[in-house]
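What follows is a set of notes on a single structure, which appears directly below.
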Amino acid sequence: RESDLSSLRPGDPITLQVPAYPGATFTGKVTATADAIDPGTRTIKVRGVVANADRRLKAEMLATARVQESRAGGVVVPASAIVLDGTQHVVYVRREAGVFEPRKVELAQEGPAEVIVASGLQSGDAVVNQNALLLSRQFQSMTEDAAAAKKATP
């Protein structure tokens with residue numbers, strides 16, 4: 001997928017499974033990525049080299065390929081923990097029971113289930129990953145109430 005492009009590197013391991021050889025796995029490495037993205041599927045072609053000394057793999061065979069991507073450094077959190085506040089990504093960290101702190105974070109990589117946070121979090125921080133949007137709305141409401149109270153004070 002297009003979103004995986006930043007994590008693909010030459011040398012990343014590839015595994016192939018071919019229906020013609022159930023249970024067999026072929027391994028190789030990424031050598032290059034295409035210079036264009038397919039506009040219909042939003043995917044990119046990846047070229048790799050797979051050992052085929054016994055010549056079992058044939059041109060145009062169907063295969064399922066898996067690329068083990070190079071992951072950026074950072075803290076992995078569930079995608080449901082990330083809230084977009086304007087143009088900033090925010091997570092809510094539990095400081096103590098019932099007390100939460102919003103933190104602006106920079107993302108290194110976004111996936112459908114997990115996100116790698118490059119900065120703003122440390123390993124071991126307890127992030128809210130359920131109802132984060134509800135918590136975000138409550139913080140927004142508190143901020144608006146505080147701003148209104150400040151205007152009303154002479």
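Residues in the structure tokens are named by chain (A, B, ... in the order shown) and by number from 1 within that chain; ligands are numbered from 1 in the order shown.
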Residues of region 37-147 of chain A that have any atom at most 10 Å from an atom of region 5-27 of chain A: could you tabulate them with the shortest-distance atom pair and the distance in Å to one decimal, using only C-alpha atoms, ordered by chain and increasing number, as JSON lines?
```
{"residue": "A:Ile37", "atom": "CA", "partner": "A:Leu5", "partner_atom": "CA", "distance": 9.8}
{"residue": "A:Thr43", "atom": "CA", "partner": "A:Leu5", "partner_atom": "CA", "distance": 9.0}
{"residue": "A:Ile44", "atom": "CA", "partner": "A:Leu5", "partner_atom": "CA", "distance": 7.8}
{"residue": "A:Val46", "atom": "CA", "partner": "A:Leu8", "partner_atom": "CA", "distance": 8.9}
{"residue": "A:Arg47", "atom": "CA", "partner": "A:Pro10", "partner_atom": "CA", "distance": 9.2}
{"residue": "A:Gly48", "atom": "CA", "partner": "A:Ile14", "partner_atom": "CA", "distance": 7.4}
{"residue": "A:Val49", "atom": "CA", "partner": "A:Ile14", "partner_atom": "CA", "distance": 8.5}
{"residue": "A:Val50", "atom": "CA", "partner": "A:Thr27", "partner_atom": "CA", "distance": 5.7}
{"residue": "A:Ala51", "atom": "CA", "partner": "A:Thr27", "partner_atom": "CA", "distance": 6.9}
{"residue": "A:Asn52", "atom": "CA", "partner": "A:Phe26", "partner_atom": "CA", "distance": 8.3}
{"residue": "A:Arg56", "atom": "CA", "partner": "A:Tyr21", "partner_atom": "CA", "distance": 8.8}
{"residue": "A:Leu57", "atom": "CA", "partner": "A:Val18", "partner_atom": "CA", "distance": 8.4}
{"residue": "A:Met61", "atom": "CA", "partner": "A:Val18", "partner_atom": "CA", "distance": 7.6}
{"residue": "A:Leu62", "atom": "CA", "partner": "A:Val18", "partner_atom": "CA", "distance": 6.4}
{"residue": "A:Ala63", "atom": "CA", "partner": "A:Val18", "partner_atom": "CA", "distance": 4.5}
{"residue": "A:Thr64", "atom": "CA", "partner": "A:Gln17", "partner_atom": "CA", "distance": 5.2}
{"residue": "A:Ala65", "atom": "CA", "partner": "A:Leu16", "partner_atom": "CA", "distance": 4.6}
{"residue": "A:Arg66", "atom": "CA", "partner": "A:Thr15", "partner_atom": "CA", "distance": 5.3}
{"residue": "A:Val67", "atom": "CA", "partner": "A:Ile14", "partner_atom": "CA", "distance": 4.6}
{"residue": "A:Gln68", "atom": "CA", "partner": "A:Pro13", "partner_atom": "CA", "distance": 5.5}
{"residue": "A:Glu69", "atom": "CA", "partner": "A:Leu8", "partner_atom": "CA", "distance": 5.3}
{"residue": "A:Ser70", "atom": "CA", "partner": "A:Ser7", "partner_atom": "CA", "distance": 5.1}
{"residue": "A:Arg71", "atom": "CA", "partner": "A:Ser7", "partner_atom": "CA", "distance": 5.8}
{"residue": "A:Ala72", "atom": "CA", "partner": "A:Ser7", "partner_atom": "CA", "distance": 7.0}
{"residue": "A:Ala108", "atom": "CA", "partner": "A:Ser6", "partner_atom": "CA", "distance": 9.1}
{"residue": "A:Gln109", "atom": "CA", "partner": "A:Ser7", "partner_atom": "CA", "distance": 7.9}
```
So that I can see what lies close to Gln122 (chain A), please list as a list of chain:residue names the residues with an atom at most 10 Å from it, counting only C-alpha atoms and leaving out residues fewer than 5 positions away in the same chain. A:Gly74, A:Val75, A:Val76, A:Val117
Dump as a short mmCIF file (atom, residue, chain, number, x, y, z; two decimals), in the first residue's frame, selection limited to N, CA, C and O atoms:
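Result saved to out_35.cif:
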```cif
data_model
loop_
_atom_site.label_atom_id
_atom_site.label_comp_id
_atom_site.auth_asym_id
_atom_site.auth_seq_id
_atom_site.Cartn_x
_atom_site.Cartn_y
_atom_site.Cartn_z
N GLY A 74 10.19 4.14 17.67
CA GLY A 74 9.13 4.84 18.37
C GLY A 74 8.32 3.89 19.22
O GLY A 74 8.68 2.74 19.42
N VAL A 75 7.20 4.39 19.71
CA VAL A 75 6.31 3.63 20.57
C VAL A 75 5.10 3.20 19.75
O VAL A 75 4.48 4.02 19.07
N VAL A 76 4.76 1.92 19.80
CA VAL A 76 3.61 1.39 19.07
C VAL A 76 2.37 1.50 19.95
O VAL A 76 2.39 1.06 21.10
N VAL A 117 4.46 6.00 17.15
CA VAL A 117 4.60 7.39 17.59
C VAL A 117 6.09 7.68 17.71
O VAL A 117 6.79 7.04 18.49
#
```
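Computed from the coordinates, the CA of Ile82 (chain A) to CA of Glu114 (chain A) distance equals 9.6 Å.
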Show which residues sit within 12 Å of Phe100 (chain A), as a PyMOL selection string. Count only C-alpha atoms, and ignore same-chain residues fewer than 5 positions away. chain A and resi 91-95+125-128+132+135-136+138-139
Just how far from CA of Pro78 (chain A) is CA of Pro112 (chain A), in Å to one decimal?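 Taking CA of Pro112 (chain A) as the start and CA of Pro78 (chain A) as the end point, the length is 8.9 Å.
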Which parts of region 4-154 of chain A does DSSP call strand (DSSP E) when run on the backbone here, written out as a VMD selection string? chain A and resid 13 to 17 26 to 38 43 to 50 64 to 67 75 to 78 83 to 85 88 to 96 99 to 110 114 to 119
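Among A:Gln140, A:Leu121, A:Gly98, A:Lys151, the residue with the shortest atom-to-atom distance to Gly86 (chain A), counting only C-alpha atoms, is A:Gln140.
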How many Å lie between CA of Asp38 (chain A) and CA of Ile116 (chain A), rounded to one decimal?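 Between CA of Asp38 (chain A) and CA of Ile116 (chain A) the gap is 25.4 Å.
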